[in-house]
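This is entry.txt. It holds compact mmCIF, N, CA, C and O atoms.
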# COMPACT_ATOMS: atom_id res chain seq x y z
N HIS N 293 130.71 149.08 100.00
CA HIS N 293 130.68 149.20 101.44
C HIS N 293 130.26 150.63 101.84
O HIS N 293 129.49 150.81 102.76
N THR N 294 130.78 151.60 101.12
CA THR N 294 130.42 152.99 101.41
C THR N 294 128.94 153.24 101.17
O THR N 294 128.28 153.90 101.98
N LEU N 295 128.40 152.68 100.11
CA LEU N 295 126.98 152.85 99.82
C LEU N 295 126.12 152.23 100.93
O LEU N 295 125.15 152.86 101.38
N LEU N 296 126.48 151.05 101.38
CA LEU N 296 125.72 150.41 102.46
C LEU N 296 125.81 151.22 103.74
O LEU N 296 124.82 151.36 104.47
N TYR N 297 126.99 151.76 104.02
CA TYR N 297 127.14 152.59 105.22
C TYR N 297 126.27 153.84 105.13
O TYR N 297 125.60 154.20 106.09
N MET N 298 126.27 154.48 103.97
CA MET N 298 125.47 155.69 103.79
C MET N 298 123.97 155.38 103.88
O MET N 298 123.21 156.16 104.45
N LEU N 299 123.54 154.26 103.34
CA LEU N 299 122.15 153.85 103.47
C LEU N 299 121.80 153.60 104.94
O LEU N 299 120.71 153.96 105.40
N ASN N 300 122.71 152.98 105.66
CA ASN N 300 122.50 152.72 107.08
C ASN N 300 122.36 154.02 107.85
O ASN N 300 121.44 154.19 108.67
N ARG N 301 123.24 154.98 107.60
CA ARG N 301 123.18 156.26 108.30
C ARG N 301 121.93 157.04 107.93
O ARG N 301 121.32 157.69 108.77
N GLY N 302 121.55 156.98 106.65
CA GLY N 302 120.33 157.66 106.23
C GLY N 302 119.10 157.07 106.91
O GLY N 302 118.24 157.80 107.40
N GLY N 303 119.02 155.76 106.97
CA GLY N 303 117.90 155.11 107.65
C GLY N 303 117.90 155.41 109.13
O GLY N 303 116.83 155.66 109.73
N ALA N 304 119.07 155.44 109.75
CA ALA N 304 119.15 155.75 111.18
C ALA N 304 118.72 157.18 111.45
O ALA N 304 118.04 157.45 112.46
N SER N 305 119.08 158.11 110.59
CA SER N 305 118.69 159.50 110.82
C SER N 305 117.18 159.68 110.68
O SER N 305 116.56 160.42 111.45
N ILE N 306 116.58 158.99 109.73
CA ILE N 306 115.12 159.05 109.58
C ILE N 306 114.44 158.44 110.80
O ILE N 306 113.48 159.01 111.34
N ALA N 307 114.95 157.31 111.26
CA ALA N 307 114.37 156.66 112.44
C ALA N 307 114.54 157.52 113.68
O ALA N 307 113.60 157.66 114.48
N ASP N 308 115.70 158.14 113.87
CA ASP N 308 115.92 159.00 115.04
C ASP N 308 114.98 160.20 115.03
O ASP N 308 114.39 160.55 116.04
N THR N 309 114.84 160.82 113.86
CA THR N 309 113.98 161.99 113.75
C THR N 309 112.52 161.63 113.98
O THR N 309 111.81 162.34 114.72
N SER N 310 112.07 160.55 113.40
CA SER N 310 110.66 160.17 113.56
C SER N 310 110.38 159.75 115.00
O SER N 310 109.32 160.08 115.54
N THR N 311 111.32 159.07 115.64
CA THR N 311 111.11 158.66 117.03
C THR N 311 111.05 159.88 117.94
O THR N 311 110.18 159.96 118.81
N ALA N 312 111.97 160.83 117.76
CA ALA N 312 111.95 162.04 118.58
C ALA N 312 110.66 162.83 118.34
O ALA N 312 110.08 163.38 119.29
N THR N 313 110.20 162.88 117.11
CA THR N 313 108.95 163.59 116.80
C THR N 313 107.76 162.93 117.49
O THR N 313 106.91 163.61 118.07
N LEU N 314 107.72 161.60 117.43
CA LEU N 314 106.62 160.89 118.10
C LEU N 314 106.65 161.10 119.61
O LEU N 314 105.61 161.31 120.24
N VAL N 315 107.84 161.05 120.21
CA VAL N 315 107.97 161.25 121.65
C VAL N 315 107.51 162.67 122.01
O VAL N 315 106.75 162.85 122.97
N ALA N 316 107.96 163.65 121.26
CA ALA N 316 107.57 165.03 121.55
C ALA N 316 106.07 165.25 121.36
O ALA N 316 105.42 165.93 122.16
N ARG N 317 105.52 164.65 120.32
CA ARG N 317 104.10 164.83 120.02
C ARG N 317 103.19 164.15 121.04
O ARG N 317 102.13 164.68 121.40
N LEU N 318 103.60 162.98 121.50
CA LEU N 318 102.73 162.20 122.38
C LEU N 318 102.96 162.48 123.87
O LEU N 318 102.24 161.94 124.70
N SER N 319 103.94 163.29 124.21
CA SER N 319 104.14 163.66 125.61
C SER N 319 103.12 164.71 126.01
O SER N 319 102.83 165.63 125.24
N SER N 320 102.59 164.57 127.20
CA SER N 320 101.46 165.40 127.61
C SER N 320 101.83 166.86 127.90
O SER N 320 101.08 167.76 127.56
N ASP N 321 102.95 167.10 128.56
CA ASP N 321 103.34 168.47 128.87
C ASP N 321 104.85 168.65 128.69
O ASP N 321 105.55 167.72 128.31
N LYS N 322 105.32 169.86 128.96
CA LYS N 322 106.73 170.19 128.72
C LYS N 322 107.67 169.35 129.59
O LYS N 322 108.70 168.88 129.11
N GLU N 323 107.31 169.15 130.83
CA GLU N 323 108.17 168.38 131.74
C GLU N 323 108.26 166.92 131.31
O GLU N 323 109.35 166.33 131.28
N THR N 324 107.15 166.32 130.95
CA THR N 324 107.14 164.94 130.47
C THR N 324 107.90 164.82 129.16
O THR N 324 108.65 163.86 128.96
N ARG N 325 107.72 165.78 128.29
CA ARG N 325 108.43 165.78 127.00
C ARG N 325 109.94 165.82 127.22
O ARG N 325 110.69 165.07 126.60
N SER N 326 110.38 166.67 128.12
CA SER N 326 111.82 166.77 128.41
C SER N 326 112.36 165.47 128.97
O SER N 326 113.43 165.00 128.56
N LYS N 327 111.62 164.88 129.88
CA LYS N 327 112.05 163.62 130.49
C LYS N 327 112.11 162.51 129.44
O LYS N 327 113.08 161.75 129.37
N ASN N 328 111.08 162.41 128.62
CA ASN N 328 111.03 161.36 127.60
C ASN N 328 112.12 161.52 126.55
O ASN N 328 112.74 160.54 126.12
N LEU N 329 112.39 162.75 126.12
CA LEU N 329 113.46 162.97 125.14
C LEU N 329 114.83 162.68 125.74
O LEU N 329 115.72 162.17 125.06
N ALA N 330 115.01 162.99 127.03
CA ALA N 330 116.28 162.66 127.71
C ALA N 330 116.46 161.14 127.79
O ALA N 330 117.57 160.63 127.56
N LEU N 331 115.39 160.43 128.11
CA LEU N 331 115.48 158.96 128.16
C LEU N 331 115.78 158.39 126.77
O LEU N 331 116.55 157.44 126.64
N LEU N 332 115.17 158.97 125.75
CA LEU N 332 115.42 158.53 124.38
C LEU N 332 116.88 158.74 124.00
O LEU N 332 117.53 157.85 123.43
N THR N 333 117.43 159.89 124.33
CA THR N 333 118.83 160.18 124.04
C THR N 333 119.76 159.25 124.79
O THR N 333 120.75 158.75 124.24
N SER N 334 119.46 158.98 126.06
CA SER N 334 120.28 158.06 126.85
C SER N 334 120.24 156.64 126.28
O SER N 334 121.26 155.95 126.23
N THR N 335 119.08 156.22 125.83
CA THR N 335 118.94 154.89 125.25
C THR N 335 119.74 154.78 123.96
O THR N 335 120.42 153.78 123.73
N ARG N 336 119.70 155.80 123.14
CA ARG N 336 120.48 155.80 121.90
C ARG N 336 121.98 155.75 122.20
O ARG N 336 122.72 155.05 121.53
N ALA N 337 122.42 156.52 123.19
CA ALA N 337 123.84 156.52 123.55
C ALA N 337 124.28 155.15 124.04
O ALA N 337 125.36 154.66 123.67
N ALA N 338 123.46 154.52 124.86
CA ALA N 338 123.79 153.17 125.34
C ALA N 338 123.84 152.17 124.20
O ALA N 338 124.72 151.30 124.16
N SER N 339 122.93 152.30 123.27
CA SER N 339 122.92 151.35 122.15
C SER N 339 124.13 151.54 121.24
O SER N 339 124.62 150.58 120.65
N ARG N 340 124.63 152.78 121.15
CA ARG N 340 125.85 153.00 120.35
C ARG N 340 127.07 152.37 120.99
O ARG N 340 128.07 152.14 120.32
N ILE N 341 127.02 152.11 122.27
CA ILE N 341 128.13 151.43 122.96
C ILE N 341 127.96 149.92 122.90
O ILE N 341 128.90 149.19 122.61
N ILE N 342 126.74 149.46 123.14
CA ILE N 342 126.49 148.02 123.26
C ILE N 342 126.47 147.31 121.90
O ILE N 342 127.02 146.21 121.76
N THR N 343 125.85 147.91 120.90
CA THR N 343 125.69 147.20 119.63
C THR N 343 127.00 146.84 118.92
O THR N 343 127.10 145.74 118.39
N PRO N 344 128.02 147.70 118.92
CA PRO N 344 129.28 147.25 118.30
C PRO N 344 129.93 146.08 119.03
O PRO N 344 130.49 145.17 118.40
N LEU N 345 129.83 146.09 120.35
CA LEU N 345 130.38 144.97 121.12
C LEU N 345 129.64 143.67 120.82
O LEU N 345 130.25 142.62 120.60
N LEU N 346 128.33 143.77 120.81
CA LEU N 346 127.52 142.59 120.51
C LEU N 346 127.75 142.10 119.08
O LEU N 346 127.88 140.90 118.85
N SER N 347 127.83 143.03 118.15
CA SER N 347 128.06 142.65 116.75
C SER N 347 129.40 141.96 116.57
O SER N 347 129.51 141.00 115.82
N SER N 348 130.42 142.45 117.25
CA SER N 348 131.73 141.81 117.10
C SER N 348 131.74 140.39 117.65
O SER N 348 132.34 139.49 117.07
N LYS N 349 131.05 140.18 118.75
CA LYS N 349 130.96 138.83 119.31
C LYS N 349 130.18 137.90 118.37
O LYS N 349 130.55 136.75 118.16
N LEU N 350 129.08 138.40 117.80
CA LEU N 350 128.31 137.59 116.85
C LEU N 350 129.11 137.31 115.59
O LEU N 350 129.04 136.21 115.03
N PHE N 351 129.90 138.29 115.15
CA PHE N 351 130.75 138.10 113.98
C PHE N 351 131.77 136.98 114.26
O PHE N 351 131.96 136.08 113.43
N GLU N 352 132.42 137.05 115.41
CA GLU N 352 133.40 136.01 115.78
C GLU N 352 132.74 134.64 115.86
O GLU N 352 133.30 133.65 115.39
N LEU N 353 131.57 134.60 116.45
CA LEU N 353 130.85 133.33 116.60
C LEU N 353 130.52 132.73 115.24
O LEU N 353 130.69 131.53 115.02
N SER N 354 130.06 133.57 114.32
CA SER N 354 129.68 133.05 113.01
C SER N 354 130.90 132.63 112.19
O SER N 354 130.78 131.80 111.30
N CYS N 355 132.06 133.20 112.49
CA CYS N 355 133.28 132.77 111.77
C CYS N 355 133.86 131.49 112.37
O CYS N 355 134.48 130.70 111.66
N ARG N 356 133.67 131.29 113.67
CA ARG N 356 134.21 130.09 114.32
C ARG N 356 133.34 128.86 114.11
O ARG N 356 133.84 127.77 113.93
N SER N 357 132.05 129.05 114.15
CA SER N 357 131.13 127.91 114.06
C SER N 357 130.86 127.57 112.60
O SER N 357 130.42 128.40 111.82
N ARG N 358 131.11 126.33 112.25
CA ARG N 358 130.87 125.90 110.87
C ARG N 358 129.46 125.32 110.71
O ARG N 358 129.01 125.13 109.61
N GLY N 359 128.76 125.06 111.80
CA GLY N 359 127.45 124.44 111.71
C GLY N 359 126.31 125.42 111.48
O GLY N 359 125.18 125.03 111.29
N LEU N 360 126.61 126.72 111.51
CA LEU N 360 125.56 127.71 111.32
C LEU N 360 125.10 127.77 109.87
O LEU N 360 125.86 127.48 108.95
N VAL N 361 123.89 128.19 109.68
CA VAL N 361 123.31 128.28 108.34
C VAL N 361 123.84 129.50 107.59
O VAL N 361 123.96 129.48 106.37
N VAL N 362 124.22 130.54 108.32
CA VAL N 362 124.65 131.79 107.68
C VAL N 362 126.13 131.72 107.31
O VAL N 362 126.91 131.03 107.94
N PRO N 363 126.53 132.44 106.27
CA PRO N 363 127.95 132.46 105.87
C PRO N 363 128.81 133.12 106.94
O PRO N 363 128.32 133.87 107.79
N CYS N 364 130.10 132.89 106.86
CA CYS N 364 131.06 133.41 107.84
C CYS N 364 130.95 134.93 107.96
O CYS N 364 131.03 135.65 106.97
N GLY N 365 130.76 135.39 109.18
CA GLY N 365 130.73 136.82 109.45
C GLY N 365 129.41 137.51 109.26
O GLY N 365 129.28 138.70 109.55
N SER N 366 128.39 136.83 108.80
CA SER N 366 127.12 137.52 108.50
C SER N 366 126.08 137.40 109.61
O SER N 366 125.00 137.96 109.48
N LEU N 367 126.38 136.73 110.69
CA LEU N 367 125.39 136.53 111.75
C LEU N 367 124.84 137.84 112.31
O LEU N 367 123.62 137.96 112.49
N PRO N 368 125.66 138.88 112.58
CA PRO N 368 125.07 140.13 113.09
C PRO N 368 124.07 140.75 112.12
O PRO N 368 123.04 141.29 112.53
N PHE N 369 124.36 140.64 110.82
CA PHE N 369 123.47 141.23 109.82
C PHE N 369 122.17 140.44 109.68
O PHE N 369 121.10 141.02 109.52
N VAL N 370 122.29 139.13 109.77
CA VAL N 370 121.09 138.28 109.68
C VAL N 370 120.18 138.52 110.88
O VAL N 370 118.96 138.65 110.74
N ILE N 371 120.76 138.63 112.07
CA ILE N 371 119.96 138.88 113.27
C ILE N 371 119.32 140.27 113.21
O ILE N 371 118.13 140.42 113.52
N ALA N 372 120.08 141.29 112.80
CA ALA N 372 119.52 142.64 112.71
C ALA N 372 118.39 142.70 111.69
O ALA N 372 117.35 143.32 111.95
N ALA N 373 118.57 142.04 110.56
CA ALA N 373 117.51 142.02 109.54
C ALA N 373 116.28 141.28 110.06
O ALA N 373 115.14 141.71 109.83
N GLY N 374 116.50 140.19 110.77
CA GLY N 374 115.37 139.45 111.34
C GLY N 374 114.60 140.26 112.37
O GLY N 374 113.37 140.27 112.38
N LEU N 375 115.33 140.98 113.22
CA LEU N 375 114.66 141.82 114.23
C LEU N 375 113.90 142.97 113.57
O LEU N 375 112.79 143.30 113.99
N ALA N 376 114.51 143.58 112.56
CA ALA N 376 113.82 144.68 111.86
C ALA N 376 112.55 144.19 111.19
O ALA N 376 111.51 144.85 111.21
N THR N 377 112.62 143.02 110.60
CA THR N 377 111.44 142.44 109.95
C THR N 377 110.37 142.09 110.97
O THR N 377 109.18 142.28 110.73
N ALA N 378 110.81 141.62 112.14
CA ALA N 378 109.85 141.23 113.17
C ALA N 378 109.08 142.42 113.74
O ALA N 378 107.90 142.31 114.06
N VAL N 379 109.73 143.57 113.86
CA VAL N 379 109.05 144.73 114.45
C VAL N 379 108.42 145.66 113.41
O VAL N 379 107.79 146.65 113.77
N ALA N 380 108.58 145.35 112.14
CA ALA N 380 108.02 146.21 111.08
C ALA N 380 106.51 146.43 111.22
O ALA N 380 106.03 147.55 111.01
N PRO N 381 105.71 145.41 111.56
CA PRO N 381 104.27 145.65 111.67
C PRO N 381 103.85 146.32 112.98
O PRO N 381 102.67 146.61 113.17
N LEU N 382 104.78 146.61 113.87
CA LEU N 382 104.44 147.16 115.17
C LEU N 382 103.67 148.48 115.11
O LEU N 382 102.66 148.63 115.80
N PRO N 383 104.06 149.47 114.29
CA PRO N 383 103.26 150.71 114.24
C PRO N 383 101.81 150.47 113.82
O PRO N 383 100.89 151.08 114.37
N THR N 384 101.60 149.57 112.88
CA THR N 384 100.23 149.27 112.46
C THR N 384 99.44 148.63 113.59
O THR N 384 98.27 148.98 113.81
N LEU N 385 100.06 147.72 114.30
CA LEU N 385 99.38 147.06 115.42
C LEU N 385 99.07 148.05 116.54
O LEU N 385 98.00 148.00 117.15
N LEU N 386 99.99 148.96 116.81
CA LEU N 386 99.76 149.95 117.85
C LEU N 386 98.63 150.91 117.46
O LEU N 386 97.80 151.27 118.29
N LYS N 387 98.60 151.30 116.20
CA LYS N 387 97.54 152.20 115.73
C LYS N 387 96.18 151.51 115.82
O LYS N 387 95.19 152.11 116.21
N ARG N 388 96.15 150.22 115.46
CA ARG N 388 94.91 149.45 115.54
C ARG N 388 94.43 149.35 116.99
O ARG N 388 93.24 149.51 117.27
N ALA N 389 95.36 149.10 117.91
CA ALA N 389 94.99 149.01 119.33
C ALA N 389 94.49 150.36 119.84
O ALA N 389 93.55 150.42 120.64
N GLU N 390 95.10 151.44 119.37
CA GLU N 390 94.66 152.77 119.76
C GLU N 390 93.24 153.06 119.28
O GLU N 390 92.42 153.60 120.01
N LYS N 391 92.94 152.68 118.05
CA LYS N 391 91.59 152.87 117.52
C LYS N 391 90.56 152.05 118.28
O LYS N 391 89.45 152.51 118.53
N ARG N 392 90.94 150.81 118.64
CA ARG N 392 90.03 149.98 119.42
C ARG N 392 89.74 150.60 120.78
O ARG N 392 88.60 150.60 121.25
N ALA N 393 90.77 151.13 121.43
CA ALA N 393 90.58 151.77 122.72
C ALA N 393 89.69 152.99 122.61
O ALA N 393 88.82 153.23 123.46
N GLU N 394 89.86 153.77 121.56
CA GLU N 394 89.03 154.94 121.34
C GLU N 394 87.57 154.56 121.11
O GLU N 394 86.67 155.19 121.64
N SER N 395 87.35 153.53 120.30
CA SER N 395 85.98 153.11 120.03
C SER N 395 85.33 152.52 121.28
O SER N 395 84.14 152.70 121.52
N LYS N 396 86.12 151.86 122.10
CA LYS N 396 85.59 151.31 123.36
C LYS N 396 85.21 152.43 124.30
O LYS N 396 84.17 152.36 124.97
N GLU N 397 86.02 153.49 124.36
CA GLU N 397 85.70 154.64 125.20
C GLU N 397 84.43 155.32 124.72
O GLU N 397 83.61 155.76 125.53
N GLN N 398 84.25 155.42 123.41
CA GLN N 398 83.05 156.05 122.87
C GLN N 398 81.82 155.22 123.18
O GLN N 398 80.76 155.77 123.45
N LYS N 399 81.93 153.89 123.14
CA LYS N 399 80.80 153.03 123.45
C LYS N 399 80.44 153.10 124.92
O LYS N 399 79.28 153.05 125.29
N ASP N 400 81.47 153.23 125.79
CA ASP N 400 81.22 153.30 127.23
C ASP N 400 80.64 154.63 127.65
O ASP N 400 79.97 154.74 128.66
N SER N 401 80.85 155.68 126.84
CA SER N 401 80.35 157.03 127.20
C SER N 401 78.88 157.17 126.99
O SER N 401 78.16 156.60 126.34

Since I need it in another form, could you write the structure as C-alpha cells?
Amino acid sequence: HTLLYMLNRGGASIADTSTATLVARLSSDKETRSKNLALLTSTRAASRIITPLLSSKLFELSCRSRGLVVPCGSLPFVIAAGLATAVAPLPTLLKRAEKRAESKEQKDS
C-alpha cells in the first residue's frame, strides 16, 4: 500500500510540475501567466476536496452492488484508470492539431 501511495504521489508531482510549466510557457505575458497559474492552483485545490468525496461514494457503491463487473471496492480505481487511459493520447492529438494550424497559416500567407 505504501509503494502504491508513493507511486501515486510521484506521478502527481510530475503531472503538477509539467502542467505548471506548460501553463507558464504558453501564457503570452506576465499578467496572463499569473492568472492562468492561479486558476490552475484553484482547480487543483478543488479537486483535492472533491475527489476523496467522489471516491468514497464510488467505493461504497461498488461494495453494495453485487451486479458490477469490478470487485468490491475497486470502482474508483477502475474509473480513474479508465479516464487516464482515455486522455493519454490527448497531448499527441493537440500537437497534431497545432501543426495542422501552423501549416494552414503558412499556406494562407

Legend entry - d(atom N of N:Ser366, atom N of N:Glu352) in Å: 7.7 Å

Legend entry - atom CA of N:Pro368 to atom CA of N:Cys355, straight-line distance in Å: 11.1 Å

Inset, instruction - Please identify which residues in stretch 293-394 of chain N DSSP calls alpha helix (DSSP H) from the backbone, and express them as a PyMOL selection string. - result: chain N and resi 294-318+322-356+367-379+382-394

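The residue that comes closest to N:Leu346, out of N:Leu367, N:Ser334, N:Val362, N:Ala376 and on the basis of only N, CA, C and O atoms, is N:Leu367.
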
Legend entry - Separation of atom CA of N:Lys349 from atom O of N:Gly365, in Å and rounded to one decimal: 9.9 Å

Inset, instruction - Using only C-alpha atoms, pick whichever of N:Lys327, N:Ala372, N:Asp321, N:Ala316 has the shortest atom-to-atom distance to N:Thr343. - result: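 Of the candidates, the smallest distance to N:Thr343 is held by N:Ala372.
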
Legend entry - Ref. answer, residues at most 12 Å from (112.3, 158.3, 127.5) with only C-alpha atoms, as a ChimeraX atom specification: /N:311-312,314-316,318-319,323-336

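Using all atoms listed in the file, the shortest contact distance between N:Ser347 and any of N:Phe369, N:Lys387, N:Leu375, N:Ala304 is found at N:Phe369.
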